[in-house]
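Visitor: Got a structure for you, written out below as structure tokens; questions coming shortly.
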Amino acid sequence: GPKIENHQLFPEKCNLTIAKKISENHVKVNVWERGAGNTKACGTAACATAVAGKINGLTGTSVDVEFKLGMLSINIDKNNNINMKGPVSEINEIKIKL
């Protein structure tokens, strides 16, 4: 992750998703986000993984994307709308005094 994030080809850095196809409707992923490192889950990466799998004929239109700490279900409809379903958790709470 850090070597690719900081590679000279990406002057503004980049995110990295490594995906492994388990079946036509199940993919395991590991996500490295620029400036944050390894992440527990990422909805954007889950949707992008499902779309890339579909475009490349590796997955169908409904895919469960598995992260280390959970699963997101992605569905791509006939109009190429992407729908994501999964659990939500609070990561941090901050207070700002204005």
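Labels used: A, B, ... for chains in the order of the structure tokens, numbers from 1 for residues in each chain, and numbers from 1 for ligands as shown.
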Can you list every residue in chain A that DSSP puts in strand (DSSP E), as number ranges by chain?
Guide: A: 16-23, 26-33, 37-39, 62-67, 70-76, 82-85
Visitor: Atom CA of Lys78 of chain A and atom CA of Gly43 of chain A, how far apart in Å?
Guide: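 Computing the Euclidean distance for atom CA of Gly43 of chain A and atom CA of Lys78 of chain A yields 20.5 Å.
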Visitor: Any idea what's packed within 9 Å of Phe67 of chain A, counting only C-alpha atoms, ignoring anything in its chain fewer than 2 positions away? Could you give it as a list in words?
Guide: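 Contacts, in chain order: Val27, Lys28, Val29, Asn30, Val31, Thr39, Lys40, Ala41, Cys42, Ala46, Val65, Leu69, Gly70, Met71 and Leu72 of chain A.
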Visitor: Please extract the residues of chain A with a backbone DSSP assignment of alpha helix (DSSP H) and present them as a PDB file with all heavy atoms, in the first residue's frame.
Guide:
ATOM      1  N   PRO A   2       1.700   1.441   0.988  1.00  0.00           N
ATOM      2  CA  PRO A   2       2.413   2.717   1.056  1.00  0.00           C
ATOM      3  C   PRO A   2       3.332   2.963  -0.146  1.00  0.00           C
ATOM      4  O   PRO A   2       3.480   4.094  -0.580  1.00  0.00           O
ATOM      5  CB  PRO A   2       3.217   2.635   2.355  1.00  0.00           C
ATOM      6  CG  PRO A   2       3.176   1.225   2.799  1.00  0.00           C
ATOM      7  CD  PRO A   2       2.023   0.569   2.115  1.00  0.00           C
ATOM      8  N   LYS A   3       3.914   1.912  -0.708  1.00  0.00           N
ATOM      9  CA  LYS A   3       4.798   2.096  -1.865  1.00  0.00           C
ATOM     10  C   LYS A   3       4.012   2.569  -3.079  1.00  0.00           C
ATOM     11  O   LYS A   3       4.463   3.438  -3.819  1.00  0.00           O
ATOM     12  CB  LYS A   3       5.539   0.793  -2.186  1.00  0.00           C
ATOM     13  CG  LYS A   3       6.643   0.480  -1.219  1.00  0.00           C
ATOM     14  CD  LYS A   3       7.412  -0.753  -1.644  1.00  0.00           C
ATOM     15  CE  LYS A   3       8.513  -1.047  -0.653  1.00  0.00           C
ATOM     16  NZ  LYS A   3       9.310  -2.211  -1.051  1.00  0.00           N
ATOM     17  N   ILE A   4       2.839   2.007  -3.285  1.00  0.00           N
ATOM     18  CA  ILE A   4       2.029   2.419  -4.430  1.00  0.00           C
ATOM     19  C   ILE A   4       1.402   3.784  -4.181  1.00  0.00           C
ATOM     20  O   ILE A   4       1.380   4.643  -5.062  1.00  0.00           O
ATOM     21  CB  ILE A   4       0.958   1.354  -4.751  1.00  0.00           C
ATOM     22  CG1 ILE A   4       1.660   0.074  -5.225  1.00  0.00           C
ATOM     23  CG2 ILE A   4      -0.032   1.853  -5.801  1.00  0.00           C
ATOM     24  CD1 ILE A   4       0.773  -1.103  -5.406  1.00  0.00           C
ATOM     25  N   GLU A   5       0.895   4.011  -2.970  1.00  0.00           N
ATOM     26  CA  GLU A   5       0.288   5.313  -2.628  1.00  0.00           C
ATOM     27  C   GLU A   5       1.248   6.456  -2.922  1.00  0.00           C
ATOM     28  O   GLU A   5       0.839   7.504  -3.428  1.00  0.00           O
ATOM     29  CB  GLU A   5      -0.093   5.351  -1.146  1.00  0.00           C
ATOM     30  CG  GLU A   5      -0.559   6.722  -0.690  1.00  0.00           C
ATOM     31  CD  GLU A   5      -0.682   6.861   0.829  1.00  0.00           C
ATOM     32  OE1 GLU A   5      -0.392   5.902   1.564  1.00  0.00           O
ATOM     33  OE2 GLU A   5      -1.072   7.957   1.268  1.00  0.00           O
ATOM     34  N   GLY A  43     -17.035   1.822   1.295  1.00  0.00           N
ATOM     35  CA  GLY A  43     -18.152   1.670   0.369  1.00  0.00           C
ATOM     36  C   GLY A  43     -17.780   2.001  -1.062  1.00  0.00           C
ATOM     37  O   GLY A  43     -18.214   1.329  -1.995  1.00  0.00           O
ATOM     38  N   THR A  44     -16.969   3.021  -1.245  1.00  0.00           N
ATOM     39  CA  THR A  44     -16.547   3.399  -2.588  1.00  0.00           C
ATOM     40  C   THR A  44     -15.746   2.274  -3.231  1.00  0.00           C
ATOM     41  O   THR A  44     -15.960   1.921  -4.398  1.00  0.00           O
ATOM     42  CB  THR A  44     -15.713   4.697  -2.553  1.00  0.00           C
ATOM     43  OG1 THR A  44     -16.480   5.715  -1.920  1.00  0.00           O
ATOM     44  CG2 THR A  44     -15.304   5.145  -3.937  1.00  0.00           C
ATOM     45  N   ALA A  45     -14.828   1.690  -2.480  1.00  0.00           N
ATOM     46  CA  ALA A  45     -14.022   0.578  -3.002  1.00  0.00           C
ATOM     47  C   ALA A  45     -14.892  -0.639  -3.291  1.00  0.00           C
ATOM     48  O   ALA A  45     -14.671  -1.347  -4.276  1.00  0.00           O
ATOM     49  CB  ALA A  45     -12.918   0.217  -2.014  1.00  0.00           C
ATOM     50  N   ALA A  46     -15.893  -0.886  -2.454  1.00  0.00           N
ATOM     51  CA  ALA A  46     -16.798  -2.025  -2.679  1.00  0.00           C
ATOM     52  C   ALA A  46     -17.557  -1.844  -3.985  1.00  0.00           C
ATOM     53  O   ALA A  46     -17.655  -2.769  -4.800  1.00  0.00           O
ATOM     54  CB  ALA A  46     -17.768  -2.175  -1.507  1.00  0.00           C
ATOM     55  N   CYS A  47     -18.092  -0.651  -4.221  1.00  0.00           N
ATOM     56  CA  CYS A  47     -18.836  -0.379  -5.455  1.00  0.00           C
ATOM     57  C   CYS A  47     -17.911  -0.460  -6.669  1.00  0.00           C
ATOM     58  O   CYS A  47     -18.271  -1.063  -7.691  1.00  0.00           O
ATOM     59  CB  CYS A  47     -19.502   0.994  -5.382  1.00  0.00           C
ATOM     60  SG  CYS A  47     -20.837   1.089  -4.168  1.00  0.00           S
ATOM     61  N   ALA A  48     -16.730   0.121  -6.572  1.00  0.00           N
ATOM     62  CA  ALA A  48     -15.778   0.093  -7.687  1.00  0.00           C
ATOM     63  C   ALA A  48     -15.348  -1.338  -8.003  1.00  0.00           C
ATOM     64  O   ALA A  48     -15.217  -1.711  -9.177  1.00  0.00           O
ATOM     65  CB  ALA A  48     -14.562   0.958  -7.353  1.00  0.00           C
ATOM     66  N   THR A  49     -15.156  -2.145  -6.980  1.00  0.00           N
ATOM     67  CA  THR A  49     -14.771  -3.541  -7.183  1.00  0.00           C
ATOM     68  C   THR A  49     -15.875  -4.304  -7.910  1.00  0.00           C
ATOM     69  O   THR A  49     -15.602  -5.075  -8.835  1.00  0.00           O
ATOM     70  CB  THR A  49     -14.452  -4.209  -5.827  1.00  0.00           C
ATOM     71  OG1 THR A  49     -13.347  -3.513  -5.218  1.00  0.00           O
ATOM     72  CG2 THR A  49     -14.095  -5.671  -5.992  1.00  0.00           C
ATOM     73  N   ALA A  50     -17.120  -4.082  -7.508  1.00  0.00           N
ATOM     74  CA  ALA A  50     -18.251  -4.753  -8.155  1.00  0.00           C
ATOM     75  C   ALA A  50     -18.369  -4.339  -9.623  1.00  0.00           C
ATOM     76  O   ALA A  50     -18.584  -5.180 -10.497  1.00  0.00           O
ATOM     77  CB  ALA A  50     -19.547  -4.444  -7.409  1.00  0.00           C
ATOM     78  N   VAL A  51     -18.217  -3.059  -9.905  1.00  0.00           N
ATOM     79  CA  VAL A  51     -18.300  -2.569 -11.284  1.00  0.00           C
ATOM     80  C   VAL A  51     -17.152  -3.133 -12.124  1.00  0.00           C
ATOM     81  O   VAL A  51     -17.360  -3.609 -13.247  1.00  0.00           O
ATOM     82  CB  VAL A  51     -18.315  -1.022 -11.331  1.00  0.00           C
ATOM     83  CG1 VAL A  51     -18.135  -0.513 -12.753  1.00  0.00           C
ATOM     84  CG2 VAL A  51     -19.605  -0.483 -10.728  1.00  0.00           C
ATOM     85  N   ALA A  52     -15.933  -3.107 -11.587  1.00  0.00           N
ATOM     86  CA  ALA A  52     -14.787  -3.648 -12.320  1.00  0.00           C
ATOM     87  C   ALA A  52     -14.972  -5.141 -12.596  1.00  0.00           C
ATOM     88  O   ALA A  52     -14.648  -5.616 -13.691  1.00  0.00           O
ATOM     89  CB  ALA A  52     -13.499  -3.407 -11.532  1.00  0.00           C
ATOM     90  N   GLY A  53     -15.495  -5.873 -11.610  1.00  0.00           N
ATOM     91  CA  GLY A  53     -15.752  -7.295 -11.807  1.00  0.00           C
ATOM     92  C   GLY A  53     -16.770  -7.546 -12.902  1.00  0.00           C
ATOM     93  O   GLY A  53     -16.595  -8.429 -13.746  1.00  0.00           O
ATOM     94  N   LYS A  54     -17.826  -6.745 -12.894  1.00  0.00           N
ATOM     95  CA  LYS A  54     -18.875  -6.894 -13.922  1.00  0.00           C
ATOM     96  C   LYS A  54     -18.334  -6.553 -15.308  1.00  0.00           C
ATOM     97  O   LYS A  54     -18.542  -7.301 -16.267  1.00  0.00           O
ATOM     98  CB  LYS A  54     -20.074  -6.005 -13.584  1.00  0.00           C
ATOM     99  CG  LYS A  54     -21.196  -6.114 -14.608  1.00  0.00           C
ATOM    100  CD  LYS A  54     -22.354  -5.188 -14.280  1.00  0.00           C
ATOM    101  CE  LYS A  54     -23.413  -5.276 -15.366  1.00  0.00           C
ATOM    102  NZ  LYS A  54     -23.655  -4.039 -16.034  1.00  0.00           N
ATOM    103  N   ILE A  55     -17.645  -5.425 -15.437  1.00  0.00           N
ATOM    104  CA  ILE A  55     -17.108  -4.991 -16.730  1.00  0.00           C
ATOM    105  C   ILE A  55     -16.164  -6.039 -17.315  1.00  0.00           C
ATOM    106  O   ILE A  55     -16.150  -6.285 -18.514  1.00  0.00           O
ATOM    107  CB  ILE A  55     -16.376  -3.633 -16.588  1.00  0.00           C
ATOM    108  CG1 ILE A  55     -17.391  -2.511 -16.387  1.00  0.00           C
ATOM    109  CG2 ILE A  55     -15.487  -3.343 -17.797  1.00  0.00           C
ATOM    110  CD1 ILE A  55     -16.783  -1.167 -16.031  1.00  0.00           C
TER     111      ILE A  55
END
Visitor: Counting only C-alpha atoms, figure out which residue out of A:Asn80, A:Asn25, A:Ser73, A:Asn92 gets nearest to Gly57 of chain A.
Guide: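 That would be A:Asn25, the residue with the smallest distance to Gly57 of chain A.
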Visitor: May I ask which of the residues A:Asn75, A:Asn56, A:Asn6, A:Thr61 is the closest one to Arg34 of chain A, counting only C-alpha atoms?
Guide: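 Closest candidate: A:Asn6.
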Visitor: Measuring atom to atom with only C-alpha atoms, identify which of A:Gly35, A:Glu12, A:Thr59, A:Asp64 is nearest to Gly86 of chain A.
Guide: A:Asp64
Visitor: To one decimal place, how far is atom CA of Phe10 of chain A from atom CA of Glu66 of chain A in Å?
Guide: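 Interatomic distance here is 27.0 Å.
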Visitor: So the first atom is atom CA of Gly1 of chain A and the second is atom CA of Glu24 of chain A; what is the distance between them in Å, to one decimal place?
Guide: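 Spanning atom CA of Gly1 of chain A to atom CA of Glu24 of chain A is a straight-line distance of 26.0 Å.
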